[in-house]
>>> print(open('model_31.cif').read())   # mmCIF, C-alpha atoms and all ligand atoms
data_target
#
loop_
_atom_site.label_atom_id
_atom_site.label_comp_id
_atom_site.auth_asym_id
_atom_site.auth_seq_id
_atom_site.Cartn_x
_atom_site.Cartn_y
_atom_site.Cartn_z
CA MET A 1 124.61 99.82 107.23
CA ARG A 2 121.59 100.55 109.38
CA LYS A 3 118.53 101.30 107.30
CA LEU A 4 116.93 104.65 108.04
CA SER A 5 113.50 104.21 109.49
CA GLN A 6 110.63 105.48 107.36
CA VAL A 7 109.88 109.15 107.79
CA TYR A 8 106.50 110.73 107.19
CA TYR A 9 105.52 114.37 106.83
CA VAL A 10 102.43 114.88 108.92
CA SER A 11 99.98 117.70 108.45
CA GLU A 12 97.98 116.95 111.61
CA ILE A 13 96.96 114.21 114.04
CA PHE A 14 93.62 114.47 115.83
CA VAL A 15 90.71 112.44 117.16
CA SER A 16 87.17 112.76 115.83
CA ILE A 17 84.33 110.61 114.63
CA GLN A 18 84.59 109.16 111.15
CA GLY A 19 82.43 111.48 109.10
CA GLU A 20 82.32 109.57 105.83
CA GLY A 21 81.83 106.26 104.10
CA SER A 22 81.02 102.82 105.45
CA VAL A 23 82.71 103.49 108.82
CA ILE A 24 80.69 106.66 109.41
CA GLY A 25 80.12 107.49 113.07
CA GLU A 26 83.04 105.49 114.50
CA PRO A 27 85.55 107.30 116.75
CA SER A 28 88.96 107.37 115.08
CA ASN A 29 92.43 108.78 115.31
CA PHE A 30 93.23 110.70 112.14
CA VAL A 31 96.73 110.92 110.73
CA ARG A 32 96.79 113.41 107.87
CA LEU A 33 99.93 113.03 105.78
CA ALA A 34 101.19 116.03 103.86
CA GLY A 35 101.60 115.96 100.09
CA CYS A 36 99.23 115.51 97.18
CA HIS A 37 99.86 115.26 93.43
CA LEU A 38 96.31 116.42 92.59
CA ARG A 39 94.82 119.88 92.98
CA CYS A 40 91.06 119.29 93.13
CA VAL A 41 89.17 122.57 92.77
CA TRP A 42 86.88 121.79 95.73
CA CYS A 43 89.63 120.35 97.98
CA ASP A 44 88.85 121.15 101.62
CA THR A 45 92.34 120.21 102.88
CA LYS A 46 94.54 122.44 100.73
CA TYR A 47 96.79 122.91 103.76
CA SER A 48 97.92 119.31 103.24
CA TRP A 49 99.07 119.71 99.63
CA PHE A 50 102.76 120.27 100.26
CA LYS A 51 104.98 117.70 101.91
CA TRP A 52 107.48 120.26 103.20
CA GLU A 53 104.74 121.98 105.19
CA GLY A 54 104.20 118.82 107.24
CA LYS A 55 105.99 117.88 110.45
CA ARG A 56 108.69 115.25 109.94
CA MET A 57 107.75 112.23 112.08
CA SER A 58 108.91 108.64 112.46
CA VAL A 59 106.58 105.67 112.91
CA GLU A 60 107.25 105.85 116.65
CA ASP A 61 106.51 109.59 116.76
CA ILE A 62 103.15 108.93 115.11
CA THR A 63 102.11 105.95 117.24
CA ASN A 64 103.12 107.88 120.39
CA SER A 65 100.80 110.73 119.32
CA LEU A 66 97.68 108.57 119.06
CA ASP A 67 94.86 108.33 121.58
CA LYS A 68 95.18 104.64 122.49
CA ARG A 69 91.63 104.51 123.87
CA VAL A 70 90.37 104.97 120.30
CA ARG A 71 90.96 101.76 118.38
CA ASN A 72 90.67 103.06 114.80
CA VAL A 73 93.30 104.94 112.84
CA THR A 74 92.37 106.72 109.63
CA ILE A 75 95.35 107.56 107.45
CA THR A 76 94.36 110.38 105.16
CA GLY A 77 95.87 113.28 103.27
CA GLY A 78 96.74 114.72 100.94
CA GLU A 79 97.37 111.45 99.18
CA PRO A 80 98.73 108.97 101.74
CA LEU A 81 99.70 106.40 99.10
CA LEU A 82 102.49 108.73 97.95
CA TYR A 83 104.27 107.24 100.99
CA ASP A 84 105.33 103.69 101.72
CA LEU A 85 102.69 103.10 104.38
CA THR A 86 103.75 99.54 105.18
CA PRO A 87 106.04 100.35 108.15
CA LEU A 88 103.38 102.56 109.73
CA ALA A 89 100.59 100.06 109.06
CA LYS A 90 102.68 97.21 110.54
CA ALA A 91 103.28 99.20 113.72
CA LEU A 92 99.60 100.09 114.00
CA LYS A 93 98.57 96.46 113.53
CA GLU A 94 101.05 95.36 116.20
CA GLU A 95 99.24 97.72 118.56
CA GLY A 96 95.88 96.24 117.53
CA PHE A 97 94.47 99.22 115.63
CA ARG A 98 91.95 98.91 112.82
CA ILE A 99 93.26 100.84 109.82
CA VAL A 100 91.35 102.91 107.29
CA VAL A 101 93.24 104.47 104.37
CA GLU A 102 91.58 107.27 102.41
CA THR A 103 92.92 107.70 98.89
CA SER A 104 92.11 109.21 95.52
CA GLY A 105 92.60 105.77 93.93
CA THR A 106 95.30 107.03 91.56
CA ILE A 107 98.08 104.96 93.18
CA ARG A 108 97.80 101.21 93.69
CA PRO A 109 98.74 99.95 97.16
CA SER A 110 101.32 97.15 97.42
CA GLN A 111 100.14 93.62 98.14
CA GLY A 112 101.79 93.84 101.57
CA LEU A 113 99.87 96.97 102.46
CA ARG A 114 96.60 95.44 101.27
CA ARG A 115 97.03 92.67 103.84
CA LEU A 116 97.48 95.21 106.65
CA VAL A 117 94.73 97.72 105.85
CA ASP A 118 91.16 96.95 106.94
CA VAL A 119 89.34 99.54 104.84
CA PHE A 120 90.42 101.35 101.68
CA SER A 121 88.13 104.33 101.15
CA VAL A 122 88.67 105.27 97.51
CA SER A 123 87.46 108.62 96.22
CA PRO A 124 87.79 108.71 92.41
CA LYS A 125 87.82 112.24 91.07
CA LEU A 126 85.04 113.19 88.68
CA SER A 127 85.47 115.99 86.12
CA ASN A 128 84.01 118.41 88.73
CA SER A 129 87.42 118.17 90.47
CA GLY A 130 89.08 119.84 87.48
CA HIS A 131 90.78 116.57 86.48
CA LYS A 132 90.24 114.05 83.76
CA ILE A 133 91.71 110.90 85.30
CA LYS A 134 91.70 107.57 83.49
CA TYR A 135 90.94 105.01 86.17
CA ASP A 136 90.86 101.27 85.71
CA PHE A 137 89.42 99.30 88.62
CA ARG A 138 88.17 96.41 86.49
CA ASN A 139 90.67 93.87 87.87
CA GLU A 140 91.17 95.49 91.26
CA ASP A 141 89.79 93.95 94.42
CA TRP A 142 91.42 96.19 97.04
CA PRO A 143 88.98 99.15 97.25
CA THR A 144 86.52 98.57 100.09
CA TYR A 145 84.16 101.25 98.86
CA PHE A 146 84.09 104.16 96.44
CA LYS A 147 83.09 107.64 97.55
CA PHE A 148 82.15 110.29 95.00
CA VAL A 149 81.91 114.03 95.71
CA ILE A 150 78.91 115.53 93.96
CA VAL A 151 78.88 119.23 93.04
CA ASP A 152 76.10 119.40 90.42
CA ALA A 153 73.73 116.47 90.96
CA ASN A 154 72.21 116.57 87.47
CA LYS A 155 75.53 116.39 85.66
CA ASP A 156 77.66 114.43 88.14
CA LEU A 157 75.21 111.58 88.79
CA ASP A 158 75.25 110.62 85.11
CA GLU A 159 79.05 110.61 85.22
CA VAL A 160 79.06 108.42 88.36
CA ASP A 161 76.57 106.01 86.82
CA GLN A 162 78.65 105.72 83.66
CA PHE A 163 81.83 105.26 85.73
CA VAL A 164 80.27 102.49 87.83
CA LYS A 165 79.02 100.63 84.77
CA GLU A 166 82.26 101.00 82.77
CA GLN A 167 84.40 99.90 85.73
CA GLY A 168 82.06 97.07 86.70
CA LEU A 169 81.76 98.31 90.31
CA ASP A 170 79.31 96.77 92.76
CA PRO A 171 76.66 99.51 93.31
CA ARG A 172 76.55 98.54 97.02
CA LYS A 173 80.16 99.75 97.29
CA VAL A 174 79.30 103.21 95.96
CA ILE A 175 78.66 106.17 98.26
CA LEU A 176 77.71 109.68 97.16
CA GLN A 177 78.28 112.78 99.24
CA PRO A 178 77.68 116.49 98.58
CA ASN A 179 80.55 118.87 98.05
CA GLY A 180 81.64 119.91 101.53
CA LEU A 181 82.50 123.48 100.57
CA ARG A 182 78.88 124.46 99.93
CA GLY A 183 77.67 126.78 102.67
CA ASP A 184 74.12 125.37 102.81
CA TYR A 185 75.27 121.81 103.36
CA GLU A 186 71.91 120.41 104.47
CA ALA A 187 70.24 121.82 101.33
CA ALA A 188 73.01 120.32 99.18
CA PHE A 189 72.44 116.94 100.83
CA ARG A 190 68.68 117.17 100.32
CA GLU A 191 69.09 118.10 96.64
CA LEU A 192 71.45 115.18 96.10
CA ALA A 193 69.14 112.69 97.82
CA GLN A 194 66.18 113.94 95.78
CA ALA A 195 68.14 113.67 92.52
CA VAL A 196 69.20 110.09 93.33
CA LEU A 197 65.58 109.14 94.03
CA PHE A 198 64.35 110.95 90.91
CA LYS A 199 66.86 109.11 88.70
CA GLY A 200 66.15 105.78 90.42
CA LEU A 201 69.85 105.17 91.18
CA PRO A 202 70.90 102.38 93.57
CA TYR A 203 73.70 104.27 95.35
CA ARG A 204 73.94 105.27 99.01
CA VAL A 205 73.83 108.97 99.84
CA LEU A 206 75.66 110.06 102.99
CA PRO A 207 76.51 113.48 104.43
CA GLN A 208 79.89 114.30 105.92
CA LEU A 209 78.69 113.71 109.46
CA HIS A 210 81.46 115.70 111.15
CA ARG A 211 80.43 118.75 109.10
CA LEU A 212 76.82 118.51 110.25
CA VAL A 213 77.74 118.44 113.92
CA GLY A 214 80.57 120.97 113.73
CA LEU A 215 83.45 118.57 114.42
CA LYS A 216 86.82 118.57 112.68
S1 LIG A 301 93.12 114.27 96.13
FE1 LIG A 301 92.21 114.90 98.08
S2 LIG A 301 93.82 116.10 99.12
FE2 LIG A 301 94.42 115.91 96.96
S3 LIG A 301 93.64 117.80 96.01
FE3 LIG A 301 92.07 116.20 95.73
S4 LIG A 301 90.67 116.42 97.49
FE4 LIG A 301 92.57 117.54 97.99
#
>>> encode(input="model_31.cif", output="structure tokens")
Amino acid sequence: MRKLSQVYYVSEIFVSIQGEGSVIGEPSNFVRLAGCHLRCVWCDTKYSWFKWEGKRMSVEDITNSLDKRVRNVTITGGEPLLYDLTPLAKALKEEGFRIVVETSGTIRPSQGLRRLVDVFSVSPKLSNSGHKIKYDFRNEDWPTYFKFVIVDANKDLDEVDQFVKEQGLDPRKVILQPNGLRGDYEAAFRELAQAVLFKGLPYRVLPQLHRLVGLK
């Protein structure tokens, strides 16, 4: 019997610059998959929460929708690791794309997928998300970097610092960014940077670049 090809439910596909993390500034195709098992209070992509609201697409449909001049593909969500990403990642690699996967870090990727993905951008959810998630990254080597969303610098930075120490993370892999839903984003970024300097923390502080320049 012929195996059905993998189907994905896609919230949107677009091209922009990477606004976050260690690949910040790079042009990228974005494939936003629909469906998420979390409901973070500050989520800025609530329209991607439900799988059935996405457009049903095959691997071929997705690769045919990409801008081939742009050599990066960021697979985001929602939570993309709710899907078996291996067929999509294989097809993207065959076409020579560099692959970034953005995830909440609550689902471990398969060994096969780890070999295909260039960058795993992991965003563990602090208590400011409304969740209390028990993470364990102590024996994990797949996350490329960790990105934390900061809402209240005074409270959240202590939680990040404790998290990093308990999980044994390399501080150079840790990136902090202000909550994107705050209207005065530049002020939020300044407050966060000042708090990091005041506390003498070794973590990088980055804005969501696309937000600053009015891109998607
Ligand atoms: S994990 Fe991401 S997509 Fe899901 S609710 Fe949280 S911020 Fe939104």
>>> residues_around(input="model_31.cif", residues="A:Leu81", least_positions_apart="5", cutoff="7 Å", atoms="only C-alpha atoms", output="VMD selection string")
chain A and resid 103 107 109
>>> write_last_selection(input="model_31.cif", atoms="C-alpha atoms", output="PDB file, in the coordinates of the input")
ATOM      1  CA  THR A 103      92.920 107.700  98.890  1.00  0.00           C
ATOM      2  CA  ILE A 107      98.080 104.960  93.180  1.00  0.00           C
ATOM      3  CA  PRO A 109      98.740  99.950  97.160  1.00  0.00           C
TER       4      PRO A 109
END
>>> residues_near_point(input="model_31.cif", point="(81.7, 110.2, 101.5)", cutoff="9 Å", atoms="only C-alpha atoms", output="ChimeraX atom specification")
/A:19-22,24,121,123,146-149,175-178,205-208
>>> atom_distance(input="model_31.cif", atom1="atom CA of A:Glu95", atom2="atom CA of A:Arg71")
9.2 Å
>>> closest_atom_pairs(input="model_31.cif", of="chain A", to="ligand LIG 301 (chain A)", cutoff="12 Å", atoms="all atoms listed in the file", output="Markdown table")
| residue | atom | partner | partner_atom | distance |
| --- | --- | --- | --- | --- |
| A:Ser11 | CA | A:LIG301 | S2 | 11.3 |
| A:Arg32 | CA | A:LIG301 | S2 | 9.6 |
| A:Leu33 | CA | A:LIG301 | S2 | 9.5 |
| A:Ala34 | CA | A:LIG301 | S2 | 8.8 |
| A:Gly35 | CA | A:LIG301 | FE2 | 7.8 |
| A:Cys36 | CA | A:LIG301 | FE2 | 4.8 |
| A:His37 | CA | A:LIG301 | FE2 | 6.5 |
| A:Leu38 | CA | A:LIG301 | S3 | 4.6 |
| A:Arg39 | CA | A:LIG301 | S3 | 3.9 |
| A:Cys40 | CA | A:LIG301 | S3 | 4.1 |
| A:Val41 | CA | A:LIG301 | S3 | 7.3 |
| A:Trp42 | CA | A:LIG301 | S4 | 6.8 |
| A:Cys43 | CA | A:LIG301 | FE4 | 4.1 |
| A:Asp44 | CA | A:LIG301 | FE4 | 6.3 |
| A:Thr45 | CA | A:LIG301 | FE4 | 5.6 |
| A:Lys46 | CA | A:LIG301 | FE4 | 5.9 |
| A:Tyr47 | CA | A:LIG301 | S2 | 8.8 |
| A:Ser48 | CA | A:LIG301 | S2 | 6.6 |
| A:Trp49 | CA | A:LIG301 | S2 | 6.4 |
| A:Phe50 | CA | A:LIG301 | S2 | 9.9 |
| A:Lys51 | CA | A:LIG301 | S2 | 11.6 |
| A:Thr76 | CA | A:LIG301 | S2 | 8.3 |
| A:Gly77 | CA | A:LIG301 | S2 | 5.4 |
| A:Gly78 | CA | A:LIG301 | S2 | 3.7 |
| A:Glu79 | CA | A:LIG301 | FE2 | 5.8 |
| A:Pro80 | CA | A:LIG301 | S2 | 9.0 |
| A:Leu81 | CA | A:LIG301 | S1 | 10.7 |
| A:Leu82 | CA | A:LIG301 | FE2 | 10.8 |
| A:Glu102 | CA | A:LIG301 | FE1 | 8.8 |
| A:Thr103 | CA | A:LIG301 | S1 | 7.1 |
| A:Ser104 | CA | A:LIG301 | S1 | 5.2 |
| A:Gly105 | CA | A:LIG301 | S1 | 8.8 |
| A:Thr106 | CA | A:LIG301 | S1 | 8.8 |
| A:Ile107 | CA | A:LIG301 | S1 | 11.0 |
| A:Ser121 | CA | A:LIG301 | FE1 | 11.7 |
| A:Val122 | CA | A:LIG301 | S1 | 10.1 |
| A:Ser123 | CA | A:LIG301 | S1 | 8.0 |
| A:Pro124 | CA | A:LIG301 | S1 | 8.6 |
| A:Lys125 | CA | A:LIG301 | FE3 | 7.4 |
| A:Leu126 | CA | A:LIG301 | FE3 | 10.4 |
| A:Ser127 | CA | A:LIG301 | FE3 | 11.7 |
| A:Asn128 | CA | A:LIG301 | FE3 | 10.9 |
| A:Ser129 | CA | A:LIG301 | FE3 | 7.3 |
| A:Gly130 | CA | A:LIG301 | FE3 | 9.5 |
| A:His131 | CA | A:LIG301 | FE3 | 9.3 |
| A:Ile133 | CA | A:LIG301 | S1 | 11.4 |
| A:Lys147 | CA | A:LIG301 | S4 | 11.6 |
| A:Phe148 | CA | A:LIG301 | S4 | 10.8 |
| A:Val149 | CA | A:LIG301 | S4 | 9.3 |
| A:Asn179 | CA | A:LIG301 | S4 | 10.4 |
| A:Gly180 | CA | A:LIG301 | S4 | 10.5 |
| A:Leu181 | CA | A:LIG301 | S4 | 11.2 |
>>> atom_distance(input="model_31.cif", atom1="atom CA of A:Lys134", atom2="atom CA of A:Arg172")
22.2 Å
>>> closest_residue(input="model_31.cif", among="A:Leu201, A:Leu169, A:Arg98, A:Asn72", to="A:Gly25", atoms="all atoms listed in the file")
A:Asn72
>>> atom_distance(input="model_31.cif", atom1="atom CA of A:Asp152", atom2="atom CA of A:Glu186")
14.7 Å
